[in-house]
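Undergrad: After the structure tokens below, expect a handful of questions from me.
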Amino acid sequence: MTRYDALTELLDERYSCRQFLPKQVSREVLEQLLSAARRTPSWSNTQSWQIIVTEGDATRKFSDALVEHVASGVPQPDFPFPANYNALHRARRRECGGALYESIGVVKSDTEATTRQFIRNYELFDAPHAAIITTDADLGVYGAVDCGLYLQTFLLAAQSLGLGAIAQAALAAYSPFLHEWFDIPDTRKVVAGISFGYPDETHSINGFRTSRAPLDETVTFVGS
């Protein structure tokens with residue numbers, strides 16, 4: 001297998017895991033994962049990311065408190081969410097959401113079931129670990145972009161170690177709660193969260209996959 005083949009295999013296999021086994025990831029494997037992720041490139045090598053990782057009872061305590069907060073709280077992300085989705089982006093979101101709900105037998109009109117699945121975000125899909133990624137506020141958008149690169153490296157490293165993971169803007173939506181819970185200073189901004197652990201491969205929700213646009217929809221070649 002070539003190195004390109006190894007990379008594309010990881011990319012093809014990786015998916016957003018939405019149901020985890022209760023098994024904890026050992027500290028040895030956690031350190032392997034985080035050691036790989038720290039090789040991410042960054043703007044002038046600033047390495048703006050700081051990562052908080054929960055283990056054991058800390059994960060459940062965090063999740064329980066977050067679910068309670070979401071029930072009455074208002075989303076306040078440190079970075080504004082998209083103001084609008086154009087027709088193409090809306091179509092892609094609908095395709096993804098439709099496939100997700102279809103995988104667990106939920107119809108869009110079933111408000112109770114769709115709400116219940118939404119709350120699963122804050123239950124971390126029963127993951128034994130959560131990671132919160134923050135950036136130095138002074139670095140602005142470039143620090144956030146660097147953290148996005150870190151997140152991708154993390155996801156691929158997790159896949160290579162037999163772990164499942166899902167990047168979650170849903171966690172960052174309640175940034176003030178995260179700042180308070182994890183004692184994150186105002187000099188840092190929450191970029192995203194990740195729920196991760198060993199995937200429950202028997203659960204139907206982990207069986208659906210999203211599509212990707214063909215190159216001619218996303219790439220423009222300039223030159224001869």
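In the structure tokens, chains take letters A, B, ... by order of appearance, with residues numbered from 1 within each chain and ligands from 1 in the order shown.
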Set the distance at 6 Å and use only C-alpha atoms: which residues neighbour A:Phe154 once local chain neighbours fewer than 3 positions away are removed? I'd like the list as a PyMOL selection string.
TA: chain A and resi 37+151+157
Undergrad: Each residue of stretch 133-184 of chain A with at least one atom at most 12 Å from stretch 49-66 of chain A should appear once, together with its nearest atom pair and the corresponding distance in Å (one decimal); atoms considered: only C-alpha atoms; ordering: chain, then increasing residue number; output as JSON lines.
TA:
{"residue": "A:Ile133", "atom": "CA", "partner": "A:Ile51", "partner_atom": "CA", "distance": 4.9}
{"residue": "A:Thr134", "atom": "CA", "partner": "A:Gln50", "partner_atom": "CA", "distance": 5.4}
{"residue": "A:Thr135", "atom": "CA", "partner": "A:Trp49", "partner_atom": "CA", "distance": 4.9}
{"residue": "A:Asp136", "atom": "CA", "partner": "A:Trp49", "partner_atom": "CA", "distance": 7.3}
{"residue": "A:Ala137", "atom": "CA", "partner": "A:Trp49", "partner_atom": "CA", "distance": 10.6}
{"residue": "A:Leu139", "atom": "CA", "partner": "A:Trp49", "partner_atom": "CA", "distance": 10.6}
{"residue": "A:Tyr142", "atom": "CA", "partner": "A:Trp49", "partner_atom": "CA", "distance": 11.2}
{"residue": "A:Gly143", "atom": "CA", "partner": "A:Trp49", "partner_atom": "CA", "distance": 7.6}
{"residue": "A:Ala144", "atom": "CA", "partner": "A:Trp49", "partner_atom": "CA", "distance": 8.4}
{"residue": "A:Val145", "atom": "CA", "partner": "A:Trp49", "partner_atom": "CA", "distance": 10.1}
{"residue": "A:Asp146", "atom": "CA", "partner": "A:Trp49", "partner_atom": "CA", "distance": 7.5}
{"residue": "A:Cys147", "atom": "CA", "partner": "A:Trp49", "partner_atom": "CA", "distance": 5.7}
{"residue": "A:Gly148", "atom": "CA", "partner": "A:Trp49", "partner_atom": "CA", "distance": 9.4}
{"residue": "A:Leu149", "atom": "CA", "partner": "A:Trp49", "partner_atom": "CA", "distance": 10.0}
{"residue": "A:Tyr150", "atom": "CA", "partner": "A:Trp49", "partner_atom": "CA", "distance": 7.7}
{"residue": "A:Leu151", "atom": "CA", "partner": "A:Trp49", "partner_atom": "CA", "distance": 9.6}
{"residue": "A:Phe154", "atom": "CA", "partner": "A:Ile51", "partner_atom": "CA", "distance": 10.9}
{"residue": "A:Ala170", "atom": "CA", "partner": "A:Leu66", "partner_atom": "CA", "distance": 11.0}
{"residue": "A:Leu171", "atom": "CA", "partner": "A:Leu66", "partner_atom": "CA", "distance": 8.7}
{"residue": "A:Ala172", "atom": "CA", "partner": "A:Leu66", "partner_atom": "CA", "distance": 11.3}
{"residue": "A:Ala173", "atom": "CA", "partner": "A:Leu66", "partner_atom": "CA", "distance": 11.2}
{"residue": "A:Tyr174", "atom": "CA", "partner": "A:Leu66", "partner_atom": "CA", "distance": 8.6}
{"residue": "A:Ser175", "atom": "CA", "partner": "A:Leu66", "partner_atom": "CA", "distance": 10.7}
{"residue": "A:Pro176", "atom": "CA", "partner": "A:Leu66", "partner_atom": "CA", "distance": 11.1}
{"residue": "A:Phe177", "atom": "CA", "partner": "A:Leu66", "partner_atom": "CA", "distance": 7.7}
{"residue": "A:Leu178", "atom": "CA", "partner": "A:Leu66", "partner_atom": "CA", "distance": 8.5}
{"residue": "A:His179", "atom": "CA", "partner": "A:Ile52", "partner_atom": "CA", "distance": 11.3}
{"residue": "A:Glu180", "atom": "CA", "partner": "A:Leu66", "partner_atom": "CA", "distance": 11.3}
{"residue": "A:Trp181", "atom": "CA", "partner": "A:Phe62", "partner_atom": "CA", "distance": 7.8}
{"residue": "A:Phe182", "atom": "CA", "partner": "A:Ile52", "partner_atom": "CA", "distance": 8.0}
{"residue": "A:Asp183", "atom": "CA", "partner": "A:Ile52", "partner_atom": "CA", "distance": 10.5}
{"residue": "A:Ile184", "atom": "CA", "partner": "A:Ile52", "partner_atom": "CA", "distance": 9.5}
Undergrad: Just want the 7 Å neighbourhood of stretch 164-167 of chain A, counted on only C-alpha atoms, with same-chain residues fewer than 3 positions away dropped. Output as a PyMOL selection string.
TA: chain A and resi 16-17+155+158-159+192-199
Undergrad: Could you write those residues out with N, CA, C and O atoms, as a JSON list (two decimals), in the first residue's frame?
TA:
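Output saved as part_1.json:
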[["chain", "number", "residue", "atom", "x", "y", "z"],
["A", 16, "SER", "N", -18.55, 10.63, 11.10],
["A", 16, "SER", "CA", -18.93, 11.26, 12.36],
["A", 16, "SER", "C", -19.69, 10.24, 13.21],
["A", 16, "SER", "O", -20.84, 9.91, 12.91],
["A", 17, "CYS", "N", -19.03, 9.75, 14.23],
["A", 17, "CYS", "CA", -19.60, 8.71, 15.08],
["A", 17, "CYS", "C", -20.64, 9.33, 16.02],
["A", 17, "CYS", "O", -20.36, 10.31, 16.70],
["A", 155, "LEU", "N", -9.10, 13.98, 14.11],
["A", 155, "LEU", "CA", -10.07, 13.01, 13.61],
["A", 155, "LEU", "C", -9.40, 11.88, 12.85],
["A", 155, "LEU", "O", -9.76, 10.70, 13.00],
["A", 158, "ALA", "N", -7.48, 9.68, 15.31],
["A", 158, "ALA", "CA", -8.43, 8.83, 16.02],
["A", 158, "ALA", "C", -8.82, 7.63, 15.16],
["A", 158, "ALA", "O", -8.84, 6.48, 15.64],
["A", 159, "GLN", "N", -9.11, 7.87, 13.90],
["A", 159, "GLN", "CA", -9.47, 6.77, 12.99],
["A", 159, "GLN", "C", -8.34, 5.77, 12.89],
["A", 159, "GLN", "O", -8.57, 4.55, 12.88],
["A", 192, "ALA", "N", -14.49, 24.53, 18.94],
["A", 192, "ALA", "CA", -15.33, 23.35, 18.71],
["A", 192, "ALA", "C", -15.11, 22.35, 19.83],
["A", 192, "ALA", "O", -14.17, 22.46, 20.62],
["A", 193, "GLY", "N", -15.99, 21.38, 19.87],
["A", 193, "GLY", "CA", -15.83, 20.24, 20.76],
["A", 193, "GLY", "C", -15.71, 18.97, 19.94],
["A", 193, "GLY", "O", -16.05, 18.94, 18.74],
["A", 194, "ILE", "N", -15.21, 17.92, 20.56],
["A", 194, "ILE", "CA", -15.15, 16.60, 19.93],
["A", 194, "ILE", "C", -15.59, 15.57, 20.96],
["A", 194, "ILE", "O", -15.07, 15.56, 22.08],
["A", 195, "SER", "N", -16.53, 14.73, 20.60],
["A", 195, "SER", "CA", -16.83, 13.55, 21.40],
["A", 195, "SER", "C", -16.10, 12.38, 20.76],
["A", 195, "SER", "O", -16.12, 12.23, 19.53],
["A", 196, "PHE", "N", -15.47, 11.54, 21.59],
["A", 196, "PHE", "CA", -14.71, 10.45, 20.99],
["A", 196, "PHE", "C", -14.56, 9.27, 21.94],
["A", 196, "PHE", "O", -14.77, 9.39, 23.15],
["A", 197, "GLY", "N", -14.22, 8.15, 21.37],
["A", 197, "GLY", "CA", -14.06, 6.90, 22.12],
["A", 197, "GLY", "C", -14.12, 5.75, 21.13],
["A", 197, "GLY", "O", -13.80, 5.91, 19.94],
["A", 198, "TYR", "N", -14.54, 4.59, 21.62],
["A", 198, "TYR", "CA", -14.67, 3.44, 20.72],
["A", 198, "TYR", "C", -16.08, 3.41, 20.15],
["A", 198, "TYR", "O", -17.06, 3.50, 20.89],
["A", 199, "PRO", "N", -16.21, 3.29, 18.82],
["A", 199, "PRO", "CA", -17.53, 3.37, 18.20],
["A", 199, "PRO", "C", -18.36, 2.11, 18.45],
["A", 199, "PRO", "O", -17.82, 1.01, 18.50]]
Undergrad: When DSSP is applied to the backbone of this structure, which of stretch 101-174 of chain A are assigned strand (DSSP E)? Write them out as a list in words.
TA: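 Filtering stretch 101-174 of chain A down to strand (DSSP E) leaves His129, Ala130, Ala131, Ile132, Ile133, Thr134, Thr135, Asp136, Gly164, Ala165, Ile166, Ala167 and Gln168 of chain A.
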Undergrad: As a ChimeraX atom specification, list the residues of stretch 81-223 of chain A assigned to helix (DSSP H, G or I) by DSSP on the backbone atoms of this structure.
TA: /A:87-103,111-119,124-126,137-160,169-172,175-181,204-206,215-218
Undergrad: Counting only C-alpha atoms, what is within 8 Å of A:Pro22, bar same-chain residues fewer than 2 positions away, as an MDAnalysis selection string?
TA: chainID A and resid 20 24 126:128 198
Undergrad: Please list as a PyMOL selection string every residue within 12 Å of A:Leu11, counting only C-alpha atoms and excluding residues in the same chain fewer than 2 positions away.
TA: chain A and resi 4-9+13-16+152-153+155-160+212
Undergrad: Got time to write the residues from that selection, N, CA and C atoms, as a tab-separated table (two decimals), in the first residue's frame?
TA:
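The result, stored in part_39.tsv:
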chain	number	residue	atom	x	y	z
A	4	TYR	N	-0.18	7.32	-0.14
A	4	TYR	CA	-1.43	7.96	-0.61
A	4	TYR	C	-2.61	7.03	-0.35
A	5	ASP	N	-2.43	5.75	-0.64
A	5	ASP	CA	-3.49	4.78	-0.41
A	5	ASP	C	-3.86	4.72	1.07
A	6	ALA	N	-2.84	4.76	1.93
A	6	ALA	CA	-3.09	4.71	3.38
A	6	ALA	C	-3.89	5.93	3.83
A	7	LEU	N	-3.54	7.10	3.27
A	7	LEU	CA	-4.25	8.33	3.63
A	7	LEU	C	-5.69	8.28	3.15
A	8	THR	N	-5.90	7.91	1.88
A	8	THR	CA	-7.26	7.89	1.37
A	8	THR	C	-8.11	6.82	2.05
A	9	GLU	N	-7.49	5.75	2.49
A	9	GLU	CA	-8.23	4.74	3.24
A	9	GLU	C	-8.76	5.32	4.55
A	13	GLU	N	-12.70	5.85	5.40
A	13	GLU	CA	-13.27	5.11	6.53
A	13	GLU	C	-13.85	6.05	7.59
A	14	ARG	N	-13.26	7.25	7.74
A	14	ARG	CA	-13.68	8.14	8.81
A	14	ARG	C	-15.11	8.62	8.62
A	15	TYR	N	-15.85	8.70	9.69
A	15	TYR	CA	-17.21	9.23	9.66
A	15	TYR	C	-17.49	9.87	11.01
A	16	SER	N	-18.55	10.63	11.10
A	16	SER	CA	-18.93	11.26	12.36
A	16	SER	C	-19.69	10.24	13.21
A	152	GLN	N	-9.01	18.36	12.25
A	152	GLN	CA	-8.94	17.35	11.19
A	152	GLN	C	-7.85	16.33	11.47
A	153	THR	N	-6.68	16.79	11.92
A	153	THR	CA	-5.61	15.86	12.25
A	153	THR	C	-6.04	14.93	13.38
A	155	LEU	N	-9.10	13.98	14.11
A	155	LEU	CA	-10.07	13.01	13.61
A	155	LEU	C	-9.40	11.88	12.85
A	156	LEU	N	-8.42	12.20	12.02
A	156	LEU	CA	-7.72	11.16	11.27
A	156	LEU	C	-6.85	10.30	12.18
A	157	ALA	N	-6.21	10.92	13.17
A	157	ALA	CA	-5.42	10.15	14.11
A	157	ALA	C	-6.30	9.20	14.91
A	158	ALA	N	-7.48	9.68	15.31
A	158	ALA	CA	-8.43	8.83	16.02
A	158	ALA	C	-8.82	7.63	15.16
A	159	GLN	N	-9.11	7.87	13.90
A	159	GLN	CA	-9.47	6.77	12.99
A	159	GLN	C	-8.34	5.77	12.89
A	160	SER	N	-7.12	6.24	12.81
A	160	SER	CA	-5.97	5.34	12.67
A	160	SER	C	-5.77	4.47	13.90
A	212	ARG	N	-19.96	13.48	-1.09
A	212	ARG	CA	-19.02	14.57	-1.36
A	212	ARG	C	-19.25	15.09	-2.77
